[in-house]
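First up is the structure itself, then whatever we jot down about it.
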Amino acid sequence: DGQITLPELARRSKAAGIECLFITDHNTIEGALRFQERFPEFLTVVGEEIMTSAGEVIGIFLKENIAPGQSVEQTMAAIRAQGGIVVLPHPYDVWRPSSLKPEACETAFSQTDAVEVFNCRSFSARHDRRASKACASHGKVALPGVDAHFPEEIGRATFDLSEAPTPRNFPWSPANIRARRDSSFFRGCLRIKSIWGKYAPLNLPERCFSSLQRM
């Protein structure tokens, strides 16, 4: 459901000073693989946001697609079978039907490697605070996520690592985390764009939406 072309992703990432991208499309790694091949000047971490039978789970450092619809445990096992790392995205965001079901959270937190404790698209900081608390109590790695679906969202959540991320040097220690939560109005407009398509039928220029972040 993203609306970002590969050249636009490369252009905006370069402008934002991003050297490494974690690309996690819904239920596929094909876009990440194409970006990795087309733009080798970036370090691309190939990932997938997989819809399990109990909500979404992310796998990174993947080599093959992982089929959606499996249980959380089966999905995590499939990620690790490829040498990948498991991340829980927006686990407590109740506004998203794709978030983990409450009954799956304890098992997921006990078995995951990392947790997204900040998501730029979450409407409430309360959900992120709850994820951060659960992440700390389970001793997992905390990561921010931009969850970009549109070009103007690129670069809103970044962090520094002392060396290039790999499964071998995990767990990482993210530093200088820069995460920005836009206004609810701005995020609401992005949701409308997600439903109606890229600017259609509104056909509004991008600058109209980008300017809303300052409101």
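Order determines the names: the first chain of the structure tokens is A, the second B, and so forth; residues in each chain are numbered 1 upward, and ligands are numbered 1 upward as they are shown.
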Could you build a table of the residues in segment 94-117 of chain A lying no more than 8 Å from segment 48-68 of chain A, giving for each the nearest pair of atoms and their separation in Å rounded to one decimal place, using only C-alpha atoms, ordered by chain and ascending residue number, as CSV?
residue,atom,partner,partner_atom,distance
A:Pro97,CA,A:Gly55,CA,7.8
A:Ser98,CA,A:Gly55,CA,5.1
A:Ser99,CA,A:Gly55,CA,5.0
A:Leu100,CA,A:Gly55,CA,4.1
A:Lys101,CA,A:Ala54,CA,5.4
A:Ala104,CA,A:Ala54,CA,6.5
Put those residues in a file: all heavy atoms, as a PDB file, in the first residue's frame.
ATOM      1  N   PRO A  97      -5.887  -2.383  12.743  1.00  0.00           N
ATOM      2  CA  PRO A  97      -6.347  -3.771  12.766  1.00  0.00           C
ATOM      3  C   PRO A  97      -5.208  -4.779  12.597  1.00  0.00           C
ATOM      4  O   PRO A  97      -5.335  -5.939  12.968  1.00  0.00           O
ATOM      5  CB  PRO A  97      -7.329  -3.849  11.591  1.00  0.00           C
ATOM      6  CG  PRO A  97      -7.744  -2.435  11.348  1.00  0.00           C
ATOM      7  CD  PRO A  97      -6.546  -1.599  11.684  1.00  0.00           C
ATOM      8  N   SER A  98      -4.081  -4.299  12.030  1.00  0.00           N
ATOM      9  CA  SER A  98      -2.960  -5.198  11.768  1.00  0.00           C
ATOM     10  C   SER A  98      -2.065  -5.420  12.981  1.00  0.00           C
ATOM     11  O   SER A  98      -1.179  -6.283  12.945  1.00  0.00           O
ATOM     12  CB  SER A  98      -2.109  -4.636  10.622  1.00  0.00           C
ATOM     13  OG  SER A  98      -1.581  -3.357  10.962  1.00  0.00           O
ATOM     14  N   SER A  99      -2.269  -4.664  14.050  1.00  0.00           N
ATOM     15  CA  SER A  99      -1.438  -4.841  15.246  1.00  0.00           C
ATOM     16  C   SER A  99      -1.706  -6.198  15.892  1.00  0.00           C
ATOM     17  O   SER A  99      -2.747  -6.827  15.661  1.00  0.00           O
ATOM     18  CB  SER A  99      -1.715  -3.727  16.255  1.00  0.00           C
ATOM     19  OG  SER A  99      -1.286  -2.479  15.759  1.00  0.00           O
ATOM     20  N   LEU A 100      -0.772  -6.635  16.693  1.00  0.00           N
ATOM     21  CA  LEU A 100      -0.906  -7.930  17.346  1.00  0.00           C
ATOM     22  C   LEU A 100      -2.171  -8.007  18.198  1.00  0.00           C
ATOM     23  O   LEU A 100      -2.535  -7.041  18.875  1.00  0.00           O
ATOM     24  CB  LEU A 100       0.309  -8.199  18.244  1.00  0.00           C
ATOM     25  CG  LEU A 100       1.617  -8.599  17.566  1.00  0.00           C
ATOM     26  CD1 LEU A 100       2.740  -8.622  18.589  1.00  0.00           C
ATOM     27  CD2 LEU A 100       1.488  -9.961  16.888  1.00  0.00           C
ATOM     28  N   LYS A 101      -2.801  -9.153  18.159  1.00  0.00           N
ATOM     29  CA  LYS A 101      -3.941  -9.374  19.034  1.00  0.00           C
ATOM     30  C   LYS A 101      -3.447  -9.443  20.478  1.00  0.00           C
ATOM     31  O   LYS A 101      -2.350  -9.952  20.741  1.00  0.00           O
ATOM     32  CB  LYS A 101      -4.647 -10.672  18.651  1.00  0.00           C
ATOM     33  CG  LYS A 101      -5.280 -10.652  17.269  1.00  0.00           C
ATOM     34  CD  LYS A 101      -5.943 -11.987  16.948  1.00  0.00           C
ATOM     35  CE  LYS A 101      -6.578 -11.965  15.556  1.00  0.00           C
ATOM     36  NZ  LYS A 101      -7.189 -13.260  15.201  1.00  0.00           N
ATOM     37  N   ALA A 104      -1.845 -12.519  21.852  1.00  0.00           N
ATOM     38  CA  ALA A 104      -0.586 -12.969  21.257  1.00  0.00           C
ATOM     39  C   ALA A 104       0.614 -12.173  21.749  1.00  0.00           C
ATOM     40  O   ALA A 104       1.757 -12.559  21.491  1.00  0.00           O
ATOM     41  CB  ALA A 104      -0.663 -12.872  19.738  1.00  0.00           C
TER      42      ALA A 104
END
* Asked: What lies within 7 Å of Leu43 of chain A using only C-alpha atoms, ignoring chain neighbours under 4 positions off, as a list in words?
  ->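 Residues near the query, excluding close chain neighbours: Glu19, Cys20 and Leu21 of chain A.
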Output the selection as a compact mmCIF listing (two decimals), in the first residue's frame - N, CA and C atoms for each residue.
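Written out: selection_32.txt:
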# COMPACT_ATOMS: atom_id res chain seq x y z
N GLU A 19 22.16 6.36 5.06
CA GLU A 19 23.08 5.46 4.37
C GLU A 19 22.57 4.02 4.35
N CYS A 20 21.75 3.69 5.30
CA CYS A 20 21.23 2.33 5.42
C CYS A 20 19.71 2.39 5.56
N LEU A 21 19.01 1.57 4.78
CA LEU A 21 17.56 1.54 4.83
C LEU A 21 17.07 0.14 5.19
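Interatomic distance, atom CA of Asn119 of chain A against atom CA of Pro144 of chain A: 6.2 Å.
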* Find the residues near Phe118 of chain A: any atom within 6 Å, counting only C-alpha atoms, skip ones fewer than 2 places away on the same chain, and give them as a list of chain:residue names. =>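 Everything that qualifies: A:Glu116, A:Asp128, A:Pro144, A:Gly145.
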* To do: Tell me, in Å to one decimal, how far atom CA of Asn169 of chain A is from atom CA of Ser71 of chain A.
  => 27.8 Å
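Of the residues in segment 17-69 of chain A, those given helix (DSSP H, G or I) by DSSP on the backbone are Glu30, Gly31, Ala32, Leu33, Arg34, Phe35, Gln36, Glu37 and Arg38 of chain A.
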Output file for the residues above (C-alpha atoms, as an mmCIF file, in the first residue's frame):
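Wrote out_30.cif, looks like this:
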data_model
loop_
_atom_site.group_PDB
_atom_site.id
_atom_site.type_symbol
_atom_site.label_atom_id
_atom_site.label_comp_id
_atom_site.auth_asym_id
_atom_site.auth_seq_id
_atom_site.Cartn_x
_atom_site.Cartn_y
_atom_site.Cartn_z
ATOM 1 C CA GLU A 30 10.577 -8.019 -3.901
ATOM 2 C CA GLY A 31 10.702 -4.227 -3.630
ATOM 3 C CA ALA A 32 13.606 -4.359 -1.180
ATOM 4 C CA LEU A 33 15.521 -6.709 -3.463
ATOM 5 C CA ARG A 34 14.955 -4.457 -6.472
ATOM 6 C CA PHE A 35 16.111 -1.397 -4.514
ATOM 7 C CA GLN A 36 19.194 -3.271 -3.281
ATOM 8 C CA GLU A 37 20.127 -4.206 -6.841
ATOM 9 C CA ARG A 38 19.351 -0.838 -8.411
#
* For Thr158 of chain A: contacts at 9 Å, only C-alpha atoms, fewer than 3 positions along chain excluded, given as a list in words -> Ile18, Pro144, Gly145, Val146, Gly155, Asn176, Ile177, Arg178 and Ala179 of chain A
* To do: Measure the distance from atom CA of Arg156 of chain A to atom CA of Tyr92 of chain A in Å and round it to one decimal.
  =>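 Taking atom CA of Arg156 of chain A and atom CA of Tyr92 of chain A, their separation equals 20.4 Å.
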* With only C-alpha atoms as the basis for distance, which of A:Glu41, A:Glu163, A:Asp93, A:Glu152 is at the shortest distance from Ile4 of chain A? ->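 Closest to Ile4 of chain A, using only C-alpha atoms: A:Glu152.
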Segment 7-120 of chain A: which residues are strand (DSSP E) by DSSP, as an mmCIF file with C-alpha atoms, in the first residue's frame?
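Final file, part11.cif:
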data_model
loop_
_atom_site.group_PDB
_atom_site.id
_atom_site.type_symbol
_atom_site.label_atom_id
_atom_site.label_comp_id
_atom_site.auth_asym_id
_atom_site.auth_seq_id
_atom_site.Cartn_x
_atom_site.Cartn_y
_atom_site.Cartn_z
ATOM 1 C CA CYS A 20 21.228 2.327 5.419
ATOM 2 C CA LEU A 21 17.558 1.542 4.832
ATOM 3 C CA PHE A 22 15.378 -1.130 6.412
ATOM 4 C CA ILE A 23 12.780 -1.863 3.715
ATOM 5 C CA THR A 24 9.856 -3.941 4.932
ATOM 6 C CA ASP A 25 6.977 -4.064 2.457
ATOM 7 C CA HIS A 26 3.794 -5.913 3.342
ATOM 8 C CA LEU A 43 23.147 -0.504 2.488
ATOM 9 C CA THR A 44 19.738 -2.151 2.139
ATOM 10 C CA VAL A 45 18.404 -4.416 4.861
ATOM 11 C CA VAL A 46 15.854 -6.646 3.157
ATOM 12 C CA GLY A 47 12.777 -7.240 5.262
ATOM 13 C CA GLU A 48 9.095 -8.064 5.205
ATOM 14 C CA GLU A 49 6.147 -6.991 7.337
ATOM 15 C CA ILE A 50 4.263 -10.270 7.549
ATOM 16 C CA MET A 51 0.598 -10.575 8.446
ATOM 17 C CA THR A 52 0.353 -13.556 10.767
ATOM 18 C CA GLY A 55 -1.191 -9.589 13.633
ATOM 19 C CA GLU A 56 1.926 -8.232 11.979
ATOM 20 C CA VAL A 57 5.511 -9.322 12.618
ATOM 21 C CA ILE A 58 8.587 -8.012 10.807
ATOM 22 C CA GLY A 59 11.510 -10.091 9.654
ATOM 23 C CA ILE A 60 14.740 -8.421 8.544
ATOM 24 C CA ILE A 85 15.914 -11.033 13.059
ATOM 25 C CA VAL A 86 12.382 -10.658 14.418
ATOM 26 C CA VAL A 87 10.905 -7.212 15.139
ATOM 27 C CA LEU A 88 7.459 -6.408 16.555
ATOM 28 C CA ALA A 114 13.513 -6.275 18.890
ATOM 29 C CA VAL A 115 10.493 -4.030 19.355
ATOM 30 C CA GLU A 116 9.420 -0.901 17.523
ATOM 31 C CA VAL A 117 8.982 1.524 20.422
ATOM 32 C CA PHE A 118 8.283 4.587 18.269
ATOM 33 C CA ASN A 119 6.229 4.650 15.105
#
